[in-house]
$ cat my_file.pdb   # PDB, C-alpha atoms and all ligand atoms
ATOM      1  CA  VAL A   3       0.057 -22.603 -18.732  1.00  0.00           C
ATOM      2  CA  HIS A   4       0.502 -18.878 -18.132  1.00  0.00           C
ATOM      3  CA  SER A   5       1.841 -16.164 -20.444  1.00  0.00           C
ATOM      4  CA  SER A   6       5.262 -14.715 -19.641  1.00  0.00           C
ATOM      5  CA  ASP A   7       3.623 -11.506 -18.384  1.00  0.00           C
ATOM      6  CA  ASP A   8       1.481 -13.616 -16.072  1.00  0.00           C
ATOM      7  CA  ALA A   9       4.394 -15.830 -14.962  1.00  0.00           C
ATOM      8  CA  ASN A  10       6.673 -12.853 -14.255  1.00  0.00           C
ATOM      9  CA  LEU A  11       4.035 -11.029 -12.226  1.00  0.00           C
ATOM     10  CA  ARG A  12       3.325 -14.161 -10.207  1.00  0.00           C
ATOM     11  CA  GLU A  13       7.028 -14.387  -9.326  1.00  0.00           C
ATOM     12  CA  GLU A  14       7.166 -10.690  -8.428  1.00  0.00           C
ATOM     13  CA  LEU A  15       4.138 -10.977  -6.125  1.00  0.00           C
ATOM     14  CA  CYS A  16       5.678 -13.975  -4.346  1.00  0.00           C
ATOM     15  CA  ARG A  17       8.978 -12.093  -3.927  1.00  0.00           C
ATOM     16  CA  ALA A  18       7.236  -9.016  -2.501  1.00  0.00           C
ATOM     17  CA  GLY A  19       5.240 -11.241  -0.127  1.00  0.00           C
ATOM     18  CA  ARG A  20       8.415 -12.932   1.077  1.00  0.00           C
ATOM     19  CA  LEU A  21      10.172  -9.599   1.702  1.00  0.00           C
ATOM     20  CA  MET A  22       7.136  -8.295   3.578  1.00  0.00           C
ATOM     21  CA  TRP A  23       7.104 -11.330   5.858  1.00  0.00           C
ATOM     22  CA  GLU A  24      10.901 -11.487   6.323  1.00  0.00           C
ATOM     23  CA  ARG A  25      11.008  -7.814   7.303  1.00  0.00           C
ATOM     24  CA  GLY A  26       8.197  -8.263   9.841  1.00  0.00           C
ATOM     25  CA  LEU A  27       5.926  -5.863   7.954  1.00  0.00           C
ATOM     26  CA  SER A  28       3.228  -8.536   8.115  1.00  0.00           C
ATOM     27  CA  VAL A  29       3.349 -11.668  10.240  1.00  0.00           C
ATOM     28  CA  ALA A  30       1.513 -14.995  10.314  1.00  0.00           C
ATOM     29  CA  ARG A  31      -1.249 -14.933   7.650  1.00  0.00           C
ATOM     30  CA  ASP A  32      -1.614 -11.134   7.602  1.00  0.00           C
ATOM     31  CA  GLY A  33      -1.668  -8.913   4.545  1.00  0.00           C
ATOM     32  CA  ASN A  34      -2.409  -9.457   0.874  1.00  0.00           C
ATOM     33  CA  LEU A  35      -0.982  -8.507  -2.515  1.00  0.00           C
ATOM     34  CA  SER A  36      -2.266  -8.129  -6.042  1.00  0.00           C
ATOM     35  CA  ALA A  37      -1.113  -7.058  -9.499  1.00  0.00           C
ATOM     36  CA  ARG A  38      -2.738  -6.065 -12.785  1.00  0.00           C
ATOM     37  CA  LEU A  39      -1.939  -8.034 -15.927  1.00  0.00           C
ATOM     38  CA  ALA A  40      -1.576  -6.308 -19.291  1.00  0.00           C
ATOM     39  CA  ASP A  41      -5.010  -7.641 -20.358  1.00  0.00           C
ATOM     40  CA  GLY A  42      -6.689  -6.061 -17.314  1.00  0.00           C
ATOM     41  CA  ARG A  43      -7.155  -9.214 -15.232  1.00  0.00           C
ATOM     42  CA  LEU A  44      -5.799  -9.196 -11.674  1.00  0.00           C
ATOM     43  CA  LEU A  45      -3.616 -11.672  -9.831  1.00  0.00           C
ATOM     44  CA  ILE A  46      -4.306 -11.791  -6.083  1.00  0.00           C
ATOM     45  CA  THR A  47      -3.132 -13.746  -3.076  1.00  0.00           C
ATOM     46  CA  PRO A  48      -5.391 -16.379  -1.487  1.00  0.00           C
ATOM     47  CA  GLY A  49      -6.953 -15.848   1.917  1.00  0.00           C
ATOM     48  CA  GLY A  50      -5.265 -17.526   4.863  1.00  0.00           C
ATOM     49  CA  ALA A  51      -1.777 -18.021   3.386  1.00  0.00           C
ATOM     50  CA  CYS A  52       1.456 -16.885   5.039  1.00  0.00           C
ATOM     51  CA  LYS A  53       2.864 -14.368   2.565  1.00  0.00           C
ATOM     52  CA  GLY A  54       6.418 -15.507   3.312  1.00  0.00           C
ATOM     53  CA  PHE A  55       5.843 -18.822   1.542  1.00  0.00           C
ATOM     54  CA  LEU A  56       3.731 -18.006  -1.496  1.00  0.00           C
ATOM     55  CA  THR A  57       4.355 -19.935  -4.705  1.00  0.00           C
ATOM     56  CA  PRO A  58       3.217 -18.741  -8.161  1.00  0.00           C
ATOM     57  CA  ASP A  59       0.558 -21.460  -8.484  1.00  0.00           C
ATOM     58  CA  MET A  60      -1.183 -20.289  -5.257  1.00  0.00           C
ATOM     59  CA  LEU A  61      -2.395 -17.006  -6.787  1.00  0.00           C
ATOM     60  CA  LEU A  62      -5.940 -16.480  -8.074  1.00  0.00           C
ATOM     61  CA  THR A  63      -6.966 -14.632 -11.231  1.00  0.00           C
ATOM     62  CA  VAL A  64      -9.975 -12.315 -10.913  1.00  0.00           C
ATOM     63  CA  ASP A  65     -11.621  -9.663 -13.068  1.00  0.00           C
ATOM     64  CA  LEU A  66     -12.296  -6.043 -12.080  1.00  0.00           C
ATOM     65  CA  ASP A  67     -15.728  -7.041 -10.760  1.00  0.00           C
ATOM     66  CA  GLY A  68     -14.132  -9.577  -8.428  1.00  0.00           C
ATOM     67  CA  ARG A  69     -15.267 -12.657 -10.333  1.00  0.00           C
ATOM     68  CA  VAL A  70     -12.800 -15.502  -9.891  1.00  0.00           C
ATOM     69  CA  LEU A  71     -11.534 -16.568 -13.321  1.00  0.00           C
ATOM     70  CA  GLU A  72      -8.940 -19.077 -12.217  1.00  0.00           C
ATOM     71  CA  ALA A  73      -8.061 -20.497  -8.798  1.00  0.00           C
ATOM     72  CA  PRO A  74      -6.182 -23.451  -7.369  1.00  0.00           C
ATOM     73  CA  ALA A  75      -8.481 -26.176  -6.014  1.00  0.00           C
ATOM     74  CA  GLY A  76      -9.954 -25.174  -2.657  1.00  0.00           C
ATOM     75  CA  ALA A  77      -8.484 -21.656  -2.707  1.00  0.00           C
ATOM     76  CA  ARG A  78     -10.548 -18.578  -1.958  1.00  0.00           C
ATOM     77  CA  SER A  79      -9.567 -14.997  -2.646  1.00  0.00           C
ATOM     78  CA  THR A  80      -8.403 -12.707   0.130  1.00  0.00           C
ATOM     79  CA  SER A  81     -11.241 -11.122   2.084  1.00  0.00           C
ATOM     80  CA  GLU A  82      -9.746  -7.710   1.257  1.00  0.00           C
ATOM     81  CA  LEU A  83     -10.494  -8.197  -2.449  1.00  0.00           C
ATOM     82  CA  PRO A  84     -13.052  -5.302  -2.472  1.00  0.00           C
ATOM     83  CA  MET A  85     -10.340  -2.880  -1.295  1.00  0.00           C
ATOM     84  CA  HIS A  86      -7.939  -4.041  -4.043  1.00  0.00           C
ATOM     85  CA  LEU A  87     -10.669  -3.750  -6.691  1.00  0.00           C
ATOM     86  CA  GLU A  88     -11.452  -0.217  -5.576  1.00  0.00           C
ATOM     87  CA  VAL A  89      -7.800   0.803  -6.069  1.00  0.00           C
ATOM     88  CA  TYR A  90      -7.617  -0.584  -9.630  1.00  0.00           C
ATOM     89  CA  ARG A  91     -10.898   1.091 -10.545  1.00  0.00           C
ATOM     90  CA  ARG A  92      -9.826   4.453  -9.142  1.00  0.00           C
ATOM     91  CA  ARG A  93      -6.239   4.370 -10.391  1.00  0.00           C
ATOM     92  CA  PRO A  94      -5.681   3.240 -13.986  1.00  0.00           C
ATOM     93  CA  ASP A  95      -1.953   3.955 -13.452  1.00  0.00           C
ATOM     94  CA  VAL A  96      -1.601   1.414 -10.646  1.00  0.00           C
ATOM     95  CA  ARG A  97      -0.268  -2.052 -11.509  1.00  0.00           C
ATOM     96  CA  ALA A  98       0.210  -3.496  -8.008  1.00  0.00           C
ATOM     97  CA  VAL A  99      -1.284  -3.196  -4.513  1.00  0.00           C
ATOM     98  CA  VAL A 100       0.230  -4.271  -1.188  1.00  0.00           C
ATOM     99  CA  HIS A 101      -1.736  -4.400   2.066  1.00  0.00           C
ATOM    100  CA  ALA A 102       0.325  -5.051   5.212  1.00  0.00           C
ATOM    101  CA  HIS A 103       0.301  -4.657   8.996  1.00  0.00           C
ATOM    102  CA  PRO A 104       3.605  -2.846   9.741  1.00  0.00           C
ATOM    103  CA  PRO A 105       3.751  -2.611  13.540  1.00  0.00           C
ATOM    104  CA  ILE A 106       5.078   0.907  14.112  1.00  0.00           C
ATOM    105  CA  ALA A 107       2.735   2.548  11.606  1.00  0.00           C
ATOM    106  CA  VAL A 108      -0.194   0.669  13.176  1.00  0.00           C
ATOM    107  CA  ALA A 109       0.948   1.523  16.725  1.00  0.00           C
ATOM    108  CA  LEU A 110       1.105   5.234  15.866  1.00  0.00           C
ATOM    109  CA  SER A 111      -2.391   4.979  14.392  1.00  0.00           C
ATOM    110  CA  LEU A 112      -3.604   3.508  17.704  1.00  0.00           C
ATOM    111  CA  ALA A 113      -1.919   6.354  19.552  1.00  0.00           C
ATOM    112  CA  GLY A 114      -3.561   8.896  17.242  1.00  0.00           C
ATOM    113  CA  VAL A 115      -0.255  10.067  15.762  1.00  0.00           C
ATOM    114  CA  PRO A 116      -0.658  10.982  12.057  1.00  0.00           C
ATOM    115  CA  LEU A 117       2.080  10.191   9.514  1.00  0.00           C
ATOM    116  CA  ASP A 118       1.223  13.090   7.219  1.00  0.00           C
ATOM    117  CA  GLU A 119       3.453  15.619   8.902  1.00  0.00           C
ATOM    118  CA  ASP A 120       5.704  17.747   6.701  1.00  0.00           C
ATOM    119  CA  VAL A 121       8.984  16.922   8.383  1.00  0.00           C
ATOM    120  CA  LEU A 122      11.086  14.722   6.068  1.00  0.00           C
ATOM    121  CA  PRO A 123      12.041  16.211   2.685  1.00  0.00           C
ATOM    122  CA  GLU A 124      12.849  12.847   1.097  1.00  0.00           C
ATOM    123  CA  ILE A 125       9.437  11.445   2.012  1.00  0.00           C
ATOM    124  CA  ILE A 126       7.692  14.486   0.536  1.00  0.00           C
ATOM    125  CA  LEU A 127       9.705  14.028  -2.664  1.00  0.00           C
ATOM    126  CA  THR A 128       9.331  10.289  -3.097  1.00  0.00           C
ATOM    127  CA  LEU A 129       6.203   9.137  -1.295  1.00  0.00           C
ATOM    128  CA  GLY A 130       4.126  12.271  -0.827  1.00  0.00           C
ATOM    129  CA  ARG A 131       1.654  12.558   2.010  1.00  0.00           C
ATOM    130  CA  VAL A 132       0.571   9.441   3.892  1.00  0.00           C
ATOM    131  CA  PRO A 133      -2.959  10.100   5.205  1.00  0.00           C
ATOM    132  CA  THR A 134      -4.846   7.896   7.672  1.00  0.00           C
ATOM    133  CA  SER A 135      -8.262   6.506   6.695  1.00  0.00           C
ATOM    134  CA  GLU A 136     -11.355   6.543   8.855  1.00  0.00           C
ATOM    135  CA  TYR A 137     -11.801   3.428  10.943  1.00  0.00           C
ATOM    136  CA  ALA A 138     -13.395   0.538   9.055  1.00  0.00           C
ATOM    137  CA  THR A 139     -14.163  -3.067   9.859  1.00  0.00           C
ATOM    138  CA  PRO A 140     -11.455  -5.102   8.072  1.00  0.00           C
ATOM    139  CA  SER A 141     -12.298  -7.565   5.308  1.00  0.00           C
ATOM    140  CA  GLY A 142     -14.878  -6.145   3.020  1.00  0.00           C
ATOM    141  CA  GLU A 143     -17.022  -3.259   1.951  1.00  0.00           C
ATOM    142  CA  GLU A 144     -16.250  -0.901   4.848  1.00  0.00           C
ATOM    143  CA  ASN A 145     -12.563  -0.902   3.982  1.00  0.00           C
ATOM    144  CA  ARG A 146     -13.378  -0.275   0.340  1.00  0.00           C
ATOM    145  CA  ALA A 147     -15.371   2.827   1.329  1.00  0.00           C
ATOM    146  CA  ALA A 148     -12.685   4.027   3.748  1.00  0.00           C
ATOM    147  CA  ILE A 149      -9.974   4.171   1.073  1.00  0.00           C
ATOM    148  CA  ARG A 150     -12.137   5.282  -1.850  1.00  0.00           C
ATOM    149  CA  ASP A 151     -11.419   9.019  -1.796  1.00  0.00           C
ATOM    150  CA  LEU A 152      -7.907   8.929  -0.341  1.00  0.00           C
ATOM    151  CA  ILE A 153      -6.401   6.492  -2.838  1.00  0.00           C
ATOM    152  CA  ALA A 154      -7.232   8.752  -5.780  1.00  0.00           C
ATOM    153  CA  ASP A 155      -4.486  11.190  -4.723  1.00  0.00           C
ATOM    154  CA  HIS A 156      -2.080   9.119  -2.609  1.00  0.00           C
ATOM    155  CA  ASP A 157       0.164   6.107  -3.146  1.00  0.00           C
ATOM    156  CA  ALA A 158       0.336   5.149   0.545  1.00  0.00           C
ATOM    157  CA  LEU A 159      -2.342   5.129   3.246  1.00  0.00           C
ATOM    158  CA  VAL A 160      -2.561   4.098   6.869  1.00  0.00           C
ATOM    159  CA  LEU A 161      -5.735   2.101   7.562  1.00  0.00           C
ATOM    160  CA  ARG A 162      -6.694   3.273  11.027  1.00  0.00           C
ATOM    161  CA  ARG A 163      -6.124   0.606  13.736  1.00  0.00           C
ATOM    162  CA  HIS A 164      -5.328  -1.925  11.025  1.00  0.00           C
ATOM    163  CA  GLY A 165      -2.430  -1.547   8.588  1.00  0.00           C
ATOM    164  CA  THR A 166      -1.275   0.107   5.400  1.00  0.00           C
ATOM    165  CA  LEU A 167      -2.172   0.186   1.727  1.00  0.00           C
ATOM    166  CA  THR A 168       0.520   1.017  -0.827  1.00  0.00           C
ATOM    167  CA  VAL A 169       0.295   1.033  -4.602  1.00  0.00           C
ATOM    168  CA  GLY A 170       2.829   1.151  -7.414  1.00  0.00           C
ATOM    169  CA  ARG A 171       3.831   0.418 -10.974  1.00  0.00           C
ATOM    170  CA  ASP A 172       4.791  -3.166 -10.053  1.00  0.00           C
ATOM    171  CA  PRO A 173       4.793  -5.349  -6.915  1.00  0.00           C
ATOM    172  CA  PHE A 174       8.322  -4.343  -5.865  1.00  0.00           C
ATOM    173  CA  ASP A 175       7.470  -0.638  -6.205  1.00  0.00           C
ATOM    174  CA  ALA A 176       4.354  -1.046  -4.031  1.00  0.00           C
ATOM    175  CA  TYR A 177       6.394  -3.097  -1.539  1.00  0.00           C
ATOM    176  CA  LEU A 178       9.131  -0.430  -1.325  1.00  0.00           C
ATOM    177  CA  LYS A 179       6.489   2.181  -0.484  1.00  0.00           C
ATOM    178  CA  LEU A 180       5.403  -0.053   2.400  1.00  0.00           C
ATOM    179  CA  GLU A 181       9.016  -0.083   3.649  1.00  0.00           C
ATOM    180  CA  SER A 182       9.128   3.721   3.368  1.00  0.00           C
ATOM    181  CA  VAL A 183       5.891   4.141   5.337  1.00  0.00           C
ATOM    182  CA  GLU A 184       7.171   1.965   8.161  1.00  0.00           C
ATOM    183  CA  GLN A 185      10.517   3.794   8.164  1.00  0.00           C
ATOM    184  CA  LEU A 186       8.668   7.127   8.300  1.00  0.00           C
ATOM    185  CA  ALA A 187       6.643   5.841  11.259  1.00  0.00           C
ATOM    186  CA  ARG A 188       9.818   4.654  13.006  1.00  0.00           C
ATOM    187  CA  ILE A 189      11.540   8.010  12.537  1.00  0.00           C
ATOM    188  CA  LEU A 190       8.504  10.003  13.725  1.00  0.00           C
ATOM    189  CA  TRP A 191       8.227   7.756  16.783  1.00  0.00           C
ATOM    190  CA  LEU A 192      11.931   8.200  17.601  1.00  0.00           C
ATOM    191  CA  ALA A 193      11.717  11.957  17.033  1.00  0.00           C
ATOM    192  CA  ARG A 194       8.788  12.193  19.435  1.00  0.00           C
ATOM    193  CA  GLN A 195      10.788  10.383  22.088  1.00  0.00           C
ATOM    194  CA  ALA A 196      13.715  12.722  21.440  1.00  0.00           C
ATOM    195  CA  GLY A 197      11.573  15.817  21.907  1.00  0.00           C
ATOM    196  CA  GLY A 198       9.497  16.235  18.744  1.00  0.00           C
ATOM    197  CA  ALA A 199       9.720  16.887  15.030  1.00  0.00           C
ATOM    198  CA  ALA A 200       9.427  20.483  13.864  1.00  0.00           C
ATOM    199  CA  PRO A 201       7.690  20.864  10.481  1.00  0.00           C
ATOM    200  CA  LEU A 202       9.495  22.263   7.446  1.00  0.00           C
ATOM    201  CA  ALA A 203       8.965  25.989   6.793  1.00  0.00           C
ATOM    202  CA  PRO A 204       6.403  26.984   4.110  1.00  0.00           C
ATOM    203  CA  ASP A 205       9.100  28.138   1.647  1.00  0.00           C
ATOM    204  CA  GLN A 206      11.029  24.883   2.142  1.00  0.00           C
ATOM    205  CA  LEU A 207       7.837  22.918   1.461  1.00  0.00           C
ATOM    206  CA  GLU A 208       7.046  24.970  -1.601  1.00  0.00           C
ATOM    207  CA  LYS A 209      10.438  24.099  -3.113  1.00  0.00           C
ATOM    208  CA  LEU A 210       9.928  20.403  -2.371  1.00  0.00           C
ATOM    209  CA  HIS A 211       6.476  20.330  -3.978  1.00  0.00           C
ATOM    210  CA  ALA A 212       7.851  22.068  -7.067  1.00  0.00           C
ATOM    211  CA  LEU A 213      10.723  19.587  -7.229  1.00  0.00           C
ATOM    212  CA  ARG A 214       8.359  16.627  -6.810  1.00  0.00           C
ATOM    213  CA  ALA A 215       6.136  17.929  -9.579  1.00  0.00           C
ATOM    214  CA  ALA A 216       9.156  18.304 -11.861  1.00  0.00           C
ATOM    215  CA  LEU A 217      10.638  14.907 -10.972  1.00  0.00           C
ATOM    216  CA  PHE A 218       7.482  12.861 -11.311  1.00  0.00           C
ATOM    217  CA  ALA A 219       5.348  15.108 -13.510  1.00  0.00           C
ATOM    218  CA  ALA A 220       2.625  14.419 -10.979  1.00  0.00           C
ATOM    219  CA  PRO A 221       0.631  16.901  -8.919  1.00  0.00           C
ATOM    220  CA  ALA A 222       2.276  17.784  -5.620  1.00  0.00           C
ATOM    221  CA  PRO A 223       0.345  16.680  -2.564  1.00  0.00           C
ATOM    222  CA  ALA A 224      -1.846  19.427  -1.136  1.00  0.00           C
ATOM    223  CA  VAL A 225      -0.454  21.463   1.741  1.00  0.00           C
ATOM    224  CA  ASP A 226      -2.267  20.651   4.970  1.00  0.00           C
ATOM    225  CA  GLU A 227      -5.208  22.993   5.502  1.00  0.00           C
ATOM    226  CA  GLY A 228      -5.543  22.259   9.175  1.00  0.00           C
ATOM    227  CA  ALA A 229      -5.582  19.621  11.875  1.00  0.00           C
ATOM    228  CA  PRO A 230      -6.870  16.160  10.874  1.00  0.00           C
TER     229      PRO A 230
HETATM  230 ZN    ZN B   1      -5.289  -6.429   7.067  1.00  0.00          ZN
END
$ encode --input "my_file.pdb" --output "structure tokens" --more "lines below"
Ligand SMILES: [Zn+2]
Amino acid sequence: VHSSDDANLREELCRAGRLMWERGLSVARDGNLSARLADGRLLITPGGACKGFLTPDMLLTVDLDGRVLEAPAGARSTSELPMHLEVYRRRPDVRAVVHAHPPIAVALSLAGVPLDEDVLPEIILTLGRVPTSEYATPSGEENRAAIRDLIADHDALVLRRHGTLTVGRDPFDAYLKLESVEQLARILWLARQAGGAAPLAPDQLEKLHALRAALFAAPAPAVDEGAP
């Protein structure tokens, strides 16, 4: 028997997983999701499950050290658990984490096209910069190290040659940031085909960063100091 906090979060994780799969942002058994309960424990998806068909009883409960506290018979945690743990340790404000394989964002990463270009005012206001991590072997400690410094200051990352990591105040919030990253990738890809995307002017950027700081009372993302 789970508390209402626990039961609600389980439902929200399943809903976010279903949306992710239905929208093609992760296919087959790809991706994983987690959320932080009020008491500090984490709910996380099992390894090997299609995220389009999760049910609340399939989720595992773990602590911040990754110890499994509760799991359905035969279930193991996702292999990306270390990456999720790193986010919750680094970001006390984060209540949910979504890892996915959105195809256009991943394709642009393969092509060496960064997503952190200052071209779309709405993205700068709502999502901030979306940096790309160093390459890391998926499933384990390398991925944890690759996101460690970036996740402290960003809510959305591209994992080079792999996927995305988005965080939020609840599973739907983290999921919506995934949608925004993939939409950003799609628009940048289309713009490149249409001739390119000119960056915003410094004074335009300055206004956007000030507005973002006022809207979210959060530090504006740093202006790019140079090429990646
Ligand atoms: Zn992955």
$ residues_near_ligand --input "my_file.pdb" --ligand "ligand ZN 1 (chain B)" --cutoff "12 Å" --atoms "all atoms listed in the file" --output "PyMOL selection string"
chain A and resi 27-35+49-50+80-83+85-86+100-105+108+138-142+145+160-167
$ resolve_selection --input "my_file.pdb" --expression "the PyMOL selection byres (((chain A and resi 154) around 8) and not hetatm)" --output "PyMOL selection string"
chain A and resi 89+92-93+150-153+155-156
$ closest_residue --input "my_file.pdb" --among "A:Ala196, A:Leu202, A:Ala37, A:Leu21" --to "Glu119 (chain A)" --atoms "only C-alpha atoms"
A:Leu202
$ resolve_selection --input "my_file.pdb" --expression "the PyMOL selection byres (((chain A and resi 188) around 12) and not hetatm)" --output "list of chain:residue names"
A:Pro104, A:Pro105, A:Ile106, A:Ala107, A:Val108, A:Ala109, A:Leu110, A:Val115, A:Leu117, A:Glu181, A:Ser182, A:Val183, A:Glu184, A:Gln185, A:Leu186, A:Ala187, A:Ile189, A:Leu190, A:Trp191, A:Leu192, A:Ala193, A:Arg194, A:Gln195
$ write_last_selection --input "my_file.pdb" --atoms "C-alpha atoms" --output "short mmCIF file (atom, residue, chain, number, x, y, z; two decimals), keeping the file's coordinate frame"
data_model
loop_
_atom_site.label_atom_id
_atom_site.label_comp_id
_atom_site.auth_asym_id
_atom_site.auth_seq_id
_atom_site.Cartn_x
_atom_site.Cartn_y
_atom_site.Cartn_z
CA PRO A 104 3.60 -2.85 9.74
CA PRO A 105 3.75 -2.61 13.54
CA ILE A 106 5.08 0.91 14.11
CA ALA A 107 2.74 2.55 11.61
CA VAL A 108 -0.19 0.67 13.18
CA ALA A 109 0.95 1.52 16.73
CA LEU A 110 1.10 5.23 15.87
CA VAL A 115 -0.26 10.07 15.76
CA LEU A 117 2.08 10.19 9.51
CA GLU A 181 9.02 -0.08 3.65
CA SER A 182 9.13 3.72 3.37
CA VAL A 183 5.89 4.14 5.34
CA GLU A 184 7.17 1.96 8.16
CA GLN A 185 10.52 3.79 8.16
CA LEU A 186 8.67 7.13 8.30
CA ALA A 187 6.64 5.84 11.26
CA ILE A 189 11.54 8.01 12.54
CA LEU A 190 8.50 10.00 13.72
CA TRP A 191 8.23 7.76 16.78
CA LEU A 192 11.93 8.20 17.60
CA ALA A 193 11.72 11.96 17.03
CA ARG A 194 8.79 12.19 19.43
CA GLN A 195 10.79 10.38 22.09
#
$ atom_distance --input "my_file.pdb" --atom1 "CA of Cys52 (chain A)" --atom2 "CA of Thr134 (chain A)"
25.7 Å
$ atom_distance --input "my_file.pdb" --atom1 "CA of Met60 (chain A)" --atom2 "CA of Tyr177 (chain A)"
19.2 Å
